[in-house]
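These notes are about the structure you will find just below.
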Amino acid sequence: MKAAGTAGVRVATHGRVPAGSADLAAAKVGRLLRAAAEPVPSARVIVAVSADPAVACPAVAQATIDLNGRVVRAQAAGQTVRAAIEQMASRMQVRLGRAAPNWTALRGTIPAAEPGQWRHQSIPAGRPPYFPRPGDQRAVISHASYAARPQTPEEAAAELVLLDYDFHLFTERSTGQDSVIYRTPGGYRLAMADPKPGRLGPLPGSVTVSLLPAPRLTVQEATGRLDAAGQPFTFFVDPGTGRGSVVYHRYDGHHGLLVPAGVRQGPSDMTEARITGRDAEGSVAA
């Protein structure tokens, strides 16, 4: 891994990234930071190229920005590093433009359905398919959720959009339940480890609630169910920790394991996440 920094933007590269790509990424993101409506204490960009020739879009660019205490994230995959960086910067520009004026209205409230008003579903996530790596070559790579504090489903859905996720693991504020909210064709679906829908506050019409409890599975059992079901992710309760977790398909063909913030995984759960294709929470083809 190589690291660089320009104008407050830290850039790390993985794989055979062409010369000048780190500077290009730093310049693109740095230009957006100068136009941000709020202070940006830190910004990090990862540019990676997969060594696997079978990957259709081997280049990945991912930017994570601290926008005055809130994480805003965008990522993109492309056939070339330049294409991935350009698309990532375009997505980040949209997210920064929408984050500041809407955050106050979204926190704990239901946005009014007014013409032209931004809604959660207004930024669809276009995802390339993940690489179909053979099962005996897959590793499980774990990392923690960004959601360190309890959230309402409305706040979680808003954060899902700002972080460019397909799903988001969080602790639901009213019930204290480990929960996951994810995109559906008509909006969003909320699943809880032990559903208590009667204790939830008012929800927007775009969010529906699953009444099925999360199954209790080991990580190995969860990845087996993930592969057998053909779904982009599996939400489950790990009997070893007693907490809700998610296994999902990473774009490099490995399995990702997402655990609640503050939960430590055992030695069998291996490593902390590193980007090789798409390594962050919610980065699945959902």
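Ligands are numbered from 1 in the order shown, residues from 1 within each chain, and chains are lettered A, B, ... in the order they appear in the structure tokens.
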Polymer residues at most 6 Å from stretch 47-61 of chain A, only C-alpha atoms, same-chain spacing of 3 or more positions, as a list in words: Thr13, His14, Gly15, Arg16, Gln75, Ala76, Ala77, Gly78, Gln79, Thr80, Val81, Ala84 and Ile85 of chain A
Take the residues that were just selected and, keeping C-alpha atoms, output them as an mmCIF file, in the first residue's frame.
data_model
loop_
_atom_site.group_PDB
_atom_site.id
_atom_site.type_symbol
_atom_site.label_atom_id
_atom_site.label_comp_id
_atom_site.auth_asym_id
_atom_site.auth_seq_id
_atom_site.Cartn_x
_atom_site.Cartn_y
_atom_site.Cartn_z
ATOM 1 C CA THR A 13 -3.370 3.147 -3.190
ATOM 2 C CA HIS A 14 -3.501 -0.634 -3.482
ATOM 3 C CA GLY A 15 -2.317 -2.693 -6.415
ATOM 4 C CA ARG A 16 -0.900 -1.457 -9.714
ATOM 5 C CA GLN A 75 -17.312 4.986 -4.274
ATOM 6 C CA ALA A 76 -17.258 3.771 -7.827
ATOM 7 C CA ALA A 77 -15.771 0.958 -9.881
ATOM 8 C CA GLY A 78 -14.503 1.305 -13.437
ATOM 9 C CA GLN A 79 -12.511 -0.355 -16.169
ATOM 10 C CA THR A 80 -9.810 2.281 -15.667
ATOM 11 C CA VAL A 81 -8.599 4.135 -12.594
ATOM 12 C CA ALA A 84 -13.443 5.194 -11.302
ATOM 13 C CA ILE A 85 -12.063 8.447 -9.863
#
Selection near A:Ser174, 9 Å with only C-alpha atoms, sequence-local residues under 2 positions removed, as a list in words: Pro150, Gln151, Thr152, Glu172, Gly176, Gln177, Arg199, Leu200 and Gly201 of chain A
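The spacing separating atom CA of A:Tyr165 from atom CA of A:Ala43 amounts to 18.0 Å.
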Nearest residue to A:Asp252 from the set A:Arg138, A:Arg189, A:Arg149, A:Arg225 (distances using only C-alpha atoms):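 Using only C-alpha atoms, the shortest distance to A:Asp252 belongs to A:Arg138.
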